[in-house]
Structures are given as structure tokens and as C-alpha cells.
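Source file: structure33.cif; contents: mmCIF, C-alpha atoms (C1' of nucleotides).
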```
data_target
loop_
_atom_site.label_atom_id
_atom_site.label_comp_id
_atom_site.auth_asym_id
_atom_site.auth_seq_id
_atom_site.Cartn_x
_atom_site.Cartn_y
_atom_site.Cartn_z
CA MET A 334 88.87 101.56 96.41
CA LYS A 335 89.66 103.88 99.23
CA THR A 336 92.36 106.37 100.03
CA THR A 337 95.58 104.47 100.42
CA SER A 338 96.81 104.14 103.97
CA PHE A 339 100.49 104.59 104.67
CA SER A 340 100.37 102.66 107.93
CA ASP A 341 101.58 99.45 106.35
CA MET A 342 104.63 101.13 104.94
CA GLN A 343 107.81 100.63 106.84
CA CYS A 344 109.18 104.09 106.11
CA SER A 345 109.10 106.43 109.07
CA ILE A 346 108.17 109.38 106.93
CA ALA A 347 105.17 107.56 105.58
CA ARG A 348 104.18 106.41 109.04
CA THR A 349 104.31 109.94 110.32
CA LEU A 350 102.29 111.22 107.42
CA GLU A 351 99.69 108.62 108.20
CA HIS A 352 99.08 110.64 111.37
CA VAL A 353 99.53 114.19 110.17
CA GLY A 354 99.47 113.97 106.41
CA SER A 355 95.91 114.87 105.66
CA TRP A 356 94.94 118.23 104.45
CA TRP A 357 94.23 120.16 107.66
CA SER A 358 96.09 118.16 110.26
CA LEU A 359 99.30 120.10 110.50
CA LEU A 360 97.48 123.41 110.59
CA ILE A 361 95.38 122.18 113.46
CA ILE A 362 98.55 121.16 115.26
CA ARG A 363 100.06 124.54 114.50
CA ASP A 364 97.08 126.25 116.09
CA ALA A 365 97.32 123.96 119.07
CA MET A 366 100.93 125.00 119.47
CA MET A 367 99.86 128.61 119.42
CA GLY A 368 97.40 128.05 122.19
CA ALA A 369 94.18 127.03 120.53
CA ARG A 370 92.33 124.55 122.67
CA ARG A 371 88.69 124.65 121.80
CA PHE A 372 86.67 123.52 118.85
CA LYS A 373 85.61 127.05 118.22
CA HIS A 374 89.18 128.36 118.14
CA PHE A 375 90.24 125.96 115.46
CA GLN A 376 87.09 126.39 113.49
CA GLU A 377 87.12 130.17 113.45
CA ASN A 378 90.80 130.56 112.89
CA LEU A 379 91.17 127.99 110.16
CA GLY A 380 87.86 128.35 108.45
CA ILE A 381 87.69 124.59 108.22
CA ALA A 382 84.33 122.91 107.77
CA ARG A 383 82.93 121.83 111.11
CA ASN A 384 82.40 118.22 110.22
CA THR A 385 85.89 117.97 108.82
CA LEU A 386 87.28 119.55 111.95
CA THR A 387 85.40 117.04 114.05
CA LYS A 388 86.91 114.20 112.07
CA ARG A 389 90.44 115.60 112.14
CA LEU A 390 90.36 116.29 115.85
CA GLY A 391 89.10 112.79 116.40
CA GLU A 392 91.90 111.31 114.32
CA LEU A 393 94.51 113.35 116.13
CA VAL A 394 93.15 112.28 119.50
CA GLU A 395 93.01 108.71 118.25
CA GLY A 396 96.60 108.97 117.11
CA GLY A 397 97.77 110.33 120.42
CA ILE A 398 98.75 113.71 119.02
CA LEU A 399 96.08 115.60 120.90
CA GLN A 400 94.28 114.68 124.06
CA LYS A 401 90.98 115.80 125.44
CA VAL A 402 91.09 117.40 128.82
CA PRO A 403 88.26 118.77 130.92
CA ALA A 404 88.03 122.48 130.37
CA SER A 405 89.01 124.91 132.99
CA ASP A 406 86.70 127.79 132.16
CA GLY A 407 83.06 127.53 133.02
CA TYR A 408 81.70 127.18 129.54
CA ALA A 409 83.68 124.61 127.70
CA HIS A 410 83.06 120.94 127.84
CA GLU A 411 86.44 119.55 126.89
CA GLU A 412 89.49 121.03 125.33
CA TYR A 413 92.17 119.71 123.06
CA VAL A 414 95.80 119.95 124.08
CA LEU A 415 98.92 118.50 122.58
CA THR A 416 100.43 115.39 124.06
CA GLU A 417 104.19 115.06 124.36
CA ARG A 418 104.03 113.06 121.21
CA GLY A 419 102.20 115.86 119.49
CA ALA A 420 104.45 118.57 120.84
CA GLU A 421 107.44 116.81 119.39
CA LEU A 422 106.12 117.57 115.96
CA ALA A 423 107.47 121.06 116.49
CA PRO A 424 110.54 120.45 114.32
CA VAL A 425 108.28 119.48 111.46
CA LEU A 426 106.32 122.70 111.75
CA ILE A 427 109.45 124.75 112.16
CA ALA A 428 110.94 123.19 109.05
CA LEU A 429 107.75 123.81 107.11
CA GLY A 430 107.58 127.37 108.33
CA GLN A 431 111.16 128.16 107.51
CA TRP A 432 110.84 126.72 104.05
CA GLY A 433 107.80 128.87 103.50
CA ASP A 434 109.58 131.92 104.83
CA LYS A 435 112.22 131.43 102.19
CA TRP A 436 110.38 129.94 99.24
CA ALA A 437 106.71 130.82 99.52
CA VAL A 438 106.64 134.31 100.90
CA HIS A 439 103.36 136.15 101.19
CA GLU A 440 103.28 139.68 99.93
CA ASN A 441 102.63 140.92 103.45
CA GLY A 442 105.38 138.88 104.97
CA PRO A 443 105.08 135.94 107.33
CA ALA A 444 102.07 135.79 109.62
CA THR A 445 103.47 133.52 112.25
CA VAL A 446 106.84 133.78 113.85
CA MET A 447 108.65 131.11 115.77
CA THR A 448 110.72 132.46 118.57
CA ILE A 449 112.85 131.68 121.54
CA ARG A 450 110.51 132.43 124.41
CA GLU A 451 112.90 134.09 126.78
CA SER A 452 114.47 136.50 124.39
CA GLY A 453 111.72 136.80 121.84
CA GLU A 454 114.26 136.39 119.07
CA ALA A 455 113.41 134.52 115.95
CA LEU A 456 114.38 130.89 116.01
CA PRO A 457 117.58 130.19 114.12
CA ARG A 458 117.38 128.12 110.99
CA LEU A 459 116.65 124.47 111.62
CA TRP A 460 119.13 122.58 109.53
CA PRO A 461 120.80 119.20 109.67
CA ARG A 462 124.17 119.14 111.34
CA ASP A 463 126.99 116.71 111.83
CA LYS A 464 128.10 115.42 115.19
CA ASP A 465 130.18 118.50 115.80
CA GLY A 466 127.26 120.79 115.25
CA ALA A 467 128.33 122.12 111.87
CA GLU A 468 125.58 122.62 109.34
CA LEU A 469 125.59 120.08 106.57
CA PRO A 470 125.11 121.07 102.96
CA LEU A 471 122.37 119.09 101.28
CA ASP A 472 124.72 117.16 99.06
CA LYS A 473 126.35 115.66 102.09
CA ILE A 474 123.11 114.13 103.24
CA GLY A 475 121.98 110.77 102.01
CA MET A 476 118.79 108.85 102.29
CA ARG A 477 118.68 105.17 101.63
CA TRP A 478 116.73 102.04 102.31
CA ALA A 479 117.70 100.46 105.58
CA ASN A 480 118.40 97.11 103.97
CA GLY A 481 120.70 98.73 101.47
CA ALA A 482 118.53 97.75 98.55
CA THR A 483 117.67 99.98 95.67
CA PRO A 484 114.57 99.15 93.68
CA SER A 485 115.81 97.32 90.63
CA THR A 486 114.50 99.88 88.20
CA TRP A 487 116.52 102.65 89.77
CA THR A 488 119.80 100.89 89.38
CA GLN A 489 120.61 102.30 85.99
CA GLU A 490 120.48 105.89 87.15
CA LYS A 491 122.01 105.26 90.50
CA GLU A 492 125.54 106.38 89.69
CA ASP A 493 124.70 109.91 88.63
CA THR A 494 122.45 110.31 91.61
CA GLU A 495 125.46 110.45 93.89
CA MET B 445 82.41 123.52 97.18
CA LYS B 446 86.00 122.63 96.66
CA THR B 447 88.96 121.74 98.80
CA THR B 448 90.10 124.84 100.59
CA SER B 449 93.30 126.35 99.31
CA PHE B 450 95.88 127.56 101.79
CA SER B 451 97.53 129.88 99.34
CA ASP B 452 95.66 132.92 100.57
CA MET B 453 96.80 132.35 104.10
CA GLN B 454 99.68 134.43 105.25
CA CYS B 455 101.18 131.76 107.46
CA SER B 456 104.34 130.24 106.06
CA ILE B 457 103.40 126.80 107.27
CA ALA B 458 100.13 126.94 105.43
CA ARG B 459 101.82 128.28 102.33
CA THR B 460 104.28 125.43 102.35
CA LEU B 461 101.53 122.91 102.84
CA GLU B 462 99.78 124.34 99.84
CA HIS B 463 102.71 122.94 97.85
CA VAL B 464 103.45 119.71 99.65
CA GLY B 465 100.45 119.11 101.85
CA SER B 466 98.43 116.73 99.77
CA TRP B 467 98.35 113.10 100.48
CA TRP B 468 101.21 111.76 98.35
CA SER B 469 103.34 114.82 97.76
CA LEU B 470 105.93 114.39 100.46
CA LEU B 471 106.40 110.73 99.69
CA ILE B 472 107.05 111.58 96.07
CA ILE B 473 109.62 114.11 97.19
CA ARG B 474 111.15 111.54 99.49
CA ASP B 475 111.54 109.14 96.59
CA ALA B 476 113.04 111.87 94.48
CA MET B 477 115.59 112.45 97.21
CA MET B 478 116.43 108.78 97.16
CA GLY B 479 117.10 108.84 93.46
CA ALA B 480 113.78 108.15 91.81
CA ARG B 481 113.48 110.09 88.60
CA ARG B 482 111.02 108.39 86.36
CA PHE B 483 107.29 108.03 86.40
CA LYS B 484 107.67 104.30 86.68
CA HIS B 485 109.95 104.52 89.71
CA PHE B 486 107.49 106.55 91.68
CA GLN B 487 104.55 104.51 90.58
CA GLU B 488 106.05 101.13 91.38
CA ASN B 489 107.65 102.13 94.60
CA LEU B 490 104.73 104.03 96.06
CA GLY B 491 101.89 102.05 94.63
CA ILE B 492 100.12 105.30 93.91
CA ALA B 493 97.39 105.41 91.30
CA ARG B 494 98.79 106.48 87.97
CA ASN B 495 96.42 109.33 87.34
CA THR B 496 97.01 110.66 90.83
CA LEU B 497 100.74 110.43 90.28
CA THR B 498 100.39 112.34 87.05
CA LYS B 499 98.53 115.07 88.84
CA ARG B 500 100.93 115.25 91.78
CA LEU B 501 104.01 115.34 89.58
CA GLY B 502 102.39 118.09 87.57
CA GLU B 503 101.63 120.10 90.69
CA LEU B 504 105.15 119.68 91.99
CA VAL B 505 106.62 120.79 88.68
CA GLU B 506 104.17 123.65 88.61
CA GLY B 507 105.21 124.61 92.11
CA GLY B 508 108.88 124.54 91.26
CA ILE B 509 109.66 121.62 93.53
CA LEU B 510 110.49 119.24 90.72
CA GLN B 511 111.63 119.98 87.22
CA LYS B 512 111.49 117.95 84.09
CA VAL B 513 114.76 117.25 82.42
CA PRO B 514 115.50 115.31 79.27
CA ALA B 515 116.44 111.79 80.17
CA SER B 516 119.94 110.52 79.80
CA ASP B 517 119.29 106.87 79.16
CA GLY B 518 117.93 105.80 75.81
CA TYR B 519 114.45 104.87 76.91
CA ALA B 520 113.04 107.61 78.99
CA HIS B 521 111.40 110.69 77.64
CA GLU B 522 111.78 113.08 80.50
CA GLU B 523 112.72 112.66 84.08
CA TYR B 524 111.80 114.45 87.25
CA VAL B 525 114.51 115.88 89.44
CA LEU B 526 114.38 118.13 92.46
CA THR B 527 115.02 121.80 92.09
CA GLU B 528 117.01 123.66 94.71
CA ARG B 529 113.71 124.73 96.13
CA GLY B 530 112.59 121.14 96.33
CA ALA B 531 115.85 119.89 97.77
CA GLU B 532 115.53 122.37 100.58
CA LEU B 533 112.53 120.47 101.83
CA ALA B 534 115.03 118.00 103.25
CA PRO B 535 114.66 119.33 106.79
CA VAL B 536 110.94 118.71 106.61
CA LEU B 537 111.45 115.12 105.60
CA ILE B 538 114.17 114.61 108.15
CA ALA B 539 111.91 115.96 110.88
CA LEU B 540 109.06 113.74 109.75
CA GLY B 541 111.33 110.73 109.59
CA GLN B 542 112.82 111.29 112.99
CA TRP B 543 109.44 111.76 114.57
CA GLY B 544 108.33 108.49 113.02
CA ASP B 545 111.48 106.74 114.18
CA LYS B 546 110.58 107.69 117.70
CA TRP B 547 106.81 107.69 117.79
CA ALA B 548 105.53 105.52 115.00
CA VAL B 549 107.94 102.64 114.79
CA HIS B 550 107.21 99.75 112.48
CA GLU B 551 107.63 96.29 113.90
CA ASN B 552 110.49 95.63 111.52
CA GLY B 553 112.23 98.89 112.29
CA PRO B 554 112.70 101.85 110.01
CA ALA B 555 112.90 101.27 106.28
CA THR B 556 114.71 104.40 105.29
CA VAL B 557 117.75 105.82 106.95
CA MET B 558 119.07 109.32 106.63
CA THR B 559 122.82 109.51 106.77
CA ILE B 560 125.83 111.67 106.40
CA ARG B 561 127.18 110.65 103.04
CA GLU B 562 130.86 110.62 103.75
CA SER B 563 130.79 108.58 106.89
CA GLY B 564 127.57 106.70 106.40
CA GLU B 565 126.56 107.52 109.96
CA ALA B 566 122.99 108.21 110.84
CA LEU B 567 122.05 111.85 110.79
CA PRO B 568 121.96 113.38 114.28
CA ARG B 569 118.62 114.50 115.59
CA LEU B 570 117.28 117.61 113.93
CA TRP B 571 116.17 119.85 116.73
CA PRO B 572 115.77 123.58 117.24
CA ARG B 573 118.74 125.31 118.78
CA ASP B 574 119.55 128.69 120.13
CA LYS B 575 122.18 130.98 118.69
CA ASP B 576 124.93 129.17 120.52
CA GLY B 577 123.94 125.85 119.09
CA ALA B 578 122.44 124.41 122.23
CA GLU B 579 119.32 122.35 121.80
CA LEU B 580 116.18 124.08 122.97
CA PRO B 581 113.57 122.28 125.01
CA LEU B 582 110.12 122.63 123.53
CA ASP B 583 108.83 124.83 126.30
CA LYS B 584 111.39 127.44 125.39
CA ILE B 585 110.01 127.76 121.90
CA GLY B 586 107.15 130.05 121.12
CA MET B 587 104.99 130.60 118.12
CA ARG B 588 102.95 133.72 117.69
CA TRP B 589 101.27 135.88 115.14
CA ALA B 590 103.65 138.30 113.54
CA ASN B 591 101.46 141.29 114.35
CA GLY B 592 101.37 140.27 117.98
CA ALA B 593 97.68 139.65 117.88
CA THR B 594 95.95 136.72 119.44
CA PRO B 595 92.54 135.81 118.12
CA SER B 596 90.10 137.33 120.52
CA THR B 597 88.47 134.09 121.49
CA TRP B 598 91.75 132.63 122.68
CA THR B 599 92.44 135.44 125.05
CA GLN B 600 90.75 133.94 128.01
CA GLU B 601 93.04 130.93 128.05
CA LYS B 602 96.09 132.79 126.99
CA GLU B 603 97.67 133.13 130.37
CA ASP B 604 97.91 129.45 131.18
CA THR B 605 99.17 128.76 127.71
CA GLU B 606 102.41 130.45 128.53
"C1'" DC C 438 61.24 129.36 131.26
"C1'" DT C 439 63.15 131.31 127.27
"C1'" DA C 440 67.22 132.55 124.57
"C1'" DC C 441 71.66 131.75 123.30
"C1'" DA C 442 76.48 129.67 123.06
"C1'" DC C 443 78.92 125.73 122.13
"C1'" DG C 444 80.35 121.39 120.25
"C1'" DG C 445 79.03 118.41 117.52
"C1'" DT C 446 76.10 115.56 113.89
"C1'" DT C 447 73.43 114.97 109.63
"C1'" DC C 448 72.40 115.61 104.80
"C1'" DC C 449 73.72 116.82 100.43
"C1'" DA C 450 76.82 118.33 96.54
"C1'" DT C 451 81.32 118.27 94.67
"C1'" DA C 452 86.29 117.41 94.50
"C1'" DA C 453 89.91 114.01 95.29
"C1'" DC C 454 91.52 109.49 94.76
"C1'" DG C 455 91.90 104.35 93.35
"C1'" DC C 456 91.33 100.99 89.69
"C1'" DA C 457 91.48 99.27 85.27
"C1'" DA C 458 91.32 99.87 80.50
"C1'" DC C 459 92.94 102.41 76.74
"C1'" DC C 460 96.35 105.35 73.77
"C1'" DG C 461 100.29 106.94 71.21
"C1'" DG C 462 105.22 107.35 70.64
"C1'" DA C 463 109.71 105.25 70.95
"C1'" DA C 464 112.73 101.26 71.33
"C1'" DT C 465 113.25 96.31 70.44
"C1'" DC C 466 112.59 92.06 68.04
"C1'" DT C 467 112.29 89.22 63.89
"C1'" DA D 1187 109.31 96.95 57.53
"C1'" DG D 1188 105.93 95.03 60.73
"C1'" DA D 1189 104.80 93.32 65.14
"C1'" DT D 1190 105.76 93.57 70.10
"C1'" DT D 1191 106.90 95.62 74.19
"C1'" DC D 1192 107.95 99.50 77.22
"C1'" DC D 1193 106.61 103.62 78.89
"C1'" DG D 1194 104.27 107.79 80.35
"C1'" DG D 1195 100.09 109.35 80.48
"C1'" DT D 1196 94.74 109.89 79.79
"C1'" DT D 1197 89.91 108.44 80.27
"C1'" DG D 1198 85.81 106.57 82.49
"C1'" DC D 1199 83.82 105.10 86.45
"C1'" DG D 1200 83.03 104.07 91.38
"C1'" DT D 1201 84.20 105.29 96.30
"C1'" DT D 1202 86.00 108.41 99.75
"C1'" DA D 1203 87.01 113.01 101.47
"C1'" DT D 1204 85.77 117.61 102.03
"C1'" DG D 1205 82.83 121.93 102.14
"C1'" DG D 1206 78.39 124.22 103.32
"C1'" DA D 1207 74.49 124.80 105.79
"C1'" DA D 1208 70.91 123.23 108.73
"C1'" DC D 1209 69.79 120.77 112.84
"C1'" DC D 1210 70.38 118.96 117.90
"C1'" DG D 1211 71.41 118.31 122.84
"C1'" DT D 1212 73.55 120.19 126.74
"C1'" DG D 1213 74.84 123.79 129.60
"C1'" DT D 1214 74.68 129.06 130.64
"C1'" DA D 1215 72.58 133.45 131.03
"C1'" DG D 1216 68.91 136.28 131.98
#
```

When written as C-alpha cells, how does the structure in this file appear?
Amino acid sequence: MKTTSFSDMQCSIARTLEHVGSWWSLLIIRDAMMGARRFKHFQENLGIARNTLTKRLGELVEGGILQKVPASDGYAHEEYVLTERGAELAPVLIALGQWGDKWAVHENGPATVMTIRESGEALPRLWPRDKDGAELPLDKIGMRWANGATPSTWTQEKEDTE
Amino acid sequence: MKTTSFSDMQCSIARTLEHVGSWWSLLIIRDAMMGARRFKHFQENLGIARNTLTKRLGELVEGGILQKVPASDGYAHEEYVLTERGAELAPVLIALGQWGDKWAVHENGPATVMTIRESGEALPRLWPRDKDGAELPLDKIGMRWANGATPSTWTQEKEDTE
DNA sequence: CTACACGGTTCCATAACGCAACCGGAATCT
DNA sequence: AGATTCCGGTTGCGTTATGGAACCGTGTAG
């Protein structure tokens, strides 16, 4: 046995989760987006075990989400910064954050705020839209297999799923 | 020792991941969005271990993402359907899927497609926008601690992070 | 030359996960 | 009714993942 890998799956969601689906990954990426660059930053801020952090950082570098760059300040050896590929995970984090803001509120309110840099305003809700830019209600969104197939066992319920 | 819980963290991202951050959770939710309702559906489609599936479904019900409803067809006992809370995770899945479509493409192309139901068109890219609806480039988005604080150890690099 | 900071690595204990076998209730078959 | 199958789930066991703390090598500071 071993933990199942999603990398053989054809689904894009699964393939993304293969990169960022493990327990600490997205929080590490979040910290990187907030300016964390060094091992110590991540470790102290997250409270993650050091060996686990080592492994996660390695996986993220391996997966092209983070890259190691020589450090600028005198002390550090190398630092971790997001690649373009990694930075483009921002919508995922924004979506996660906004869901949490609405559905999993901490008693002291949100700790992190996503903003528009120039104005400092909070980022508007990230929500699917149609071509004209109008927000789409959830029941107007569908998800289906690319080949049009539905697993045979689902067929019976399929009609009332619509 | 035990796996660290994120539920004490104040960050909304962490609090969301506490609900959906474990290895299979988001794929289960994805399947639920595609119409899977029964234990068997999830199990066969995902290939997840049955005891793990039991645990995940229980956690998702516990967390108010899924709910158990009496089954309509003769056979089933109870079925799992998304709550409103669960359905609102759609942006997260869309963001994950679109990232994968771009950055983690399978040789045979994407397996799942997110569409606008009426027209059947693919869903436009989910991307942060400003108040006027214009897409924001990533460098115009900021993320910061709500109290304005930056962990002391980050301070030295802070300026070139901007 | 000593002391310390930093980024890891190593070792161990425990929790999480995969696999397969087993169980009990309900529907189906005969 | 009795046997069979379907189904959702549990149990036992082995492997992997994660947490905790100690240890190490390199570079800095004094």
C-alpha cells in the first residue's frame, strides 16, 4: 500500500491536488504569497514540524510551484519564492479564503485579508461569471466528464441531479 | 503527536482547509457536484479505500458540507448531497480545475469540464477582478494580516516583497 | 577560536491511509 | 420462506505520513 497518487487521473482538479493537496502545502503557498521566503519564516509562522516542512518545500520546488533562489541578505543560504506557476494559484487561495470568511468564521474575525494593492480595498468576491461578466448562480454551472460519459451506476439518479 | 489541526488558526484559508484539506476531500466534493450521491459511486469512481471514504464522508457531513438524505430509489439507504455550504465550494474547485487545465495537463486532455448549463459553453476563467469587473493582474493583489502586522522575522525582506 | 544562527537531517512514536476480509440489513430470486 | 446478492460500513493489519526533539554542518558574530 501507499497513499494513492492522483497524478494518473485525468481530471484537472485531481492533477492540481497532486501538487498542492497535501496537508500543509496550500498554507505554505499562502505564506509565500504574503512574503515568506525562508525556511525559518514558514516554520515559525505555521508551526509545522521541520522535517515535514523540508519535505513539503522540496515537493513544491520539485513541482515547479516554488523555486530556490540565492538569498539577498547576508545570512541566508537560499530562499523560496513562487514561480509564475505557483503565483497563479492565487485564485485557489482567494476562493478558499472567501469561503472561510463566509462559512468558517473565527470568533476574532479573519486574520488575513486579500486586497487590491493600490487602493487597499478588500478584493471583491471571486465568483464564476458568464461571458458578459454577470455572476452565475451555482445552479447554472455544470460539471461533467469531457467524454460525456456518466459512470453507469449514476445513471439512475441522473435526472434529478439536473 | 497527532496531525496538526488548523481549526485554531484565525486565517480563513486555514479554517477552510480544516474542512476540505485532507487528501480525498475535495475530490469527493467534486464527485458530489457531478451527481454522485451514494457510497458506491464515490468508492468506484475514486478508487478510494472504503474505510477512508467512510471517514471522509463522515467528516464532511460533520462539517456541514454534505448532508445525508433518505434515498429515493428503492435500494439505497441514505445518500449524500451537498449542502448550500458545500455547494459554495464551487469556486475553489473551479480555480483548482482551471489551474490544472493550464499547468498540469494530462496527455489526453482534461477529463472534466466545467460549463454554463444553459449553453453548454466552457466556464470563462475565474480570476480576481476589481470593482469595475476588470481582471486584476497578480501583482496588483495583496495579502496581509488583518491587524497589519508582519511577523518580525519577515521584516527585513519586506521591502522587496512589495 | 568559541558561540550562535540557520537550514536541514535523523530517529522514534503515533496518526493516517490502503487492502482485504468480514458483517448485518434490505432487496431479489426461487 | 430460505438462499443469494447488493450495499454501506466496520475491523484488523501493514505501510506511509506527520509531529517532536535531538543532532549536524556551514556560515556569522564576537

How would you write, as an MDAnalysis selection string, the residues chosen by the PyMOL selection byres ((chain A) within 7 of (chain B)) on this structure? chainID A and resid 343:349 354:356 360 367:369 374 418 422 424:426 428:430 432:434 436:439 443:451 456:457 459:464 473:479 486:487 491 494

When the cut-off is 9 Å and we count all atoms listed in the file, which residues of chain D are near chain B, given as a ChimeraX atom specification? /D:1192-1196,1204-1206

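In terms of minimum interatomic distance to DT1202 of chain D, C:DA452 ranks closest within C:DT447, C:DC441, C:DA452, C:DA457, counting all atoms listed in the file.
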
Using Å and a single decimal, report how far atom C1' of DC459 of chain C sits from atom C1' of DT1197 of chain D. 7.6 Å

For chain C, the closest of B:Lys499, B:Phe486, B:Lys512, B:Ile472 counting all atoms listed in the file is B:Lys499

Pick the closest to chain C from A:Gln376, A:Glu468, A:Leu393, A:Thr416: which is it, counting only C-alpha atoms (C1' of nucleotides)? A:Gln376

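Between atom CA of Leu415 of chain A and atom CA of Ile362 of chain A lies a distance of 7.8 Å.
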
Which residues of chain C are close to chain B, meaning at most 12 Å apart when you count only C-alpha atoms (C1' of nucleotides), and how do they look as a PyMOL selection string? chain C and resi 449-457+462-465

For the atom pair atom CA of Glu412 of chain A and atom C1' of DT439 of chain C, what is the interatomic distance in Å to one decimal place?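 A separation of 28.3 Å between them.
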
Since I can't run it myself right now, could you work out what the PyMOL selection byres ((chain D and resi 1208) around 9) selects here and report it as a ChimeraX atom specification? /C:447-448 /D:1207,1209

Rebuild N, CA and C atoms on segment 470-489 of chain B, as a CSV table (one decimal), in the frame of the given file?
```csv
chain,number,residue,atom,x,y,z
B,470,LEU,N,104.7,114.5,99.8
B,470,LEU,CA,105.9,114.4,100.5
B,470,LEU,C,106.6,113.0,100.2
B,471,LEU,N,105.8,112.0,100.0
B,471,LEU,CA,106.4,110.7,99.7
B,471,LEU,C,107.0,110.7,98.3
B,472,ILE,N,106.4,111.5,97.4
B,472,ILE,CA,107.0,111.6,96.1
B,472,ILE,C,108.4,112.3,96.2
B,473,ILE,N,108.4,113.4,97.0
B,473,ILE,CA,109.6,114.1,97.2
B,473,ILE,C,110.7,113.2,97.9
B,474,ARG,N,110.2,112.5,98.8
B,474,ARG,CA,111.2,111.5,99.5
B,474,ARG,C,111.8,110.6,98.5
B,475,ASP,N,111.0,110.0,97.6
B,475,ASP,CA,111.5,109.1,96.6
B,475,ASP,C,112.5,109.9,95.7
B,476,ALA,N,112.1,111.1,95.3
B,476,ALA,CA,113.0,111.9,94.5
B,476,ALA,C,114.4,112.1,95.2
B,477,MET,N,114.3,112.3,96.5
B,477,MET,CA,115.6,112.4,97.2
B,477,MET,C,116.4,111.2,97.3
B,478,MET,N,115.7,110.1,97.1
B,478,MET,CA,116.4,108.8,97.2
B,478,MET,C,116.8,108.3,95.8
B,479,GLY,N,116.6,109.2,94.8
B,479,GLY,CA,117.1,108.8,93.5
B,479,GLY,C,116.1,108.4,92.4
B,480,ALA,N,114.8,108.4,92.8
B,480,ALA,CA,113.8,108.2,91.8
B,480,ALA,C,113.7,109.3,90.9
B,481,ARG,N,113.5,109.0,89.6
B,481,ARG,CA,113.5,110.1,88.6
B,481,ARG,C,112.4,109.9,87.6
B,482,ARG,N,112.0,108.7,87.4
B,482,ARG,CA,111.0,108.4,86.4
B,482,ARG,C,109.7,108.0,86.9
B,483,PHE,N,108.7,108.3,86.1
B,483,PHE,CA,107.3,108.0,86.4
B,483,PHE,C,107.2,106.6,87.0
B,484,LYS,N,107.7,105.7,86.3
B,484,LYS,CA,107.7,104.3,86.7
B,484,LYS,C,108.2,104.1,88.1
B,485,HIS,N,109.3,104.7,88.4
B,485,HIS,CA,110.0,104.5,89.7
B,485,HIS,C,109.0,104.9,90.8
B,486,PHE,N,108.4,106.1,90.7
B,486,PHE,CA,107.5,106.6,91.7
B,486,PHE,C,106.3,105.6,91.8
B,487,GLN,N,105.8,105.3,90.6
B,487,GLN,CA,104.6,104.5,90.6
B,487,GLN,C,104.8,103.2,91.2
B,488,GLU,N,105.8,102.5,90.8
B,488,GLU,CA,106.0,101.1,91.4
B,488,GLU,C,106.4,101.2,92.9
B,489,ASN,N,107.2,102.1,93.2
B,489,ASN,CA,107.6,102.1,94.6
B,489,ASN,C,106.5,102.5,95.6
```
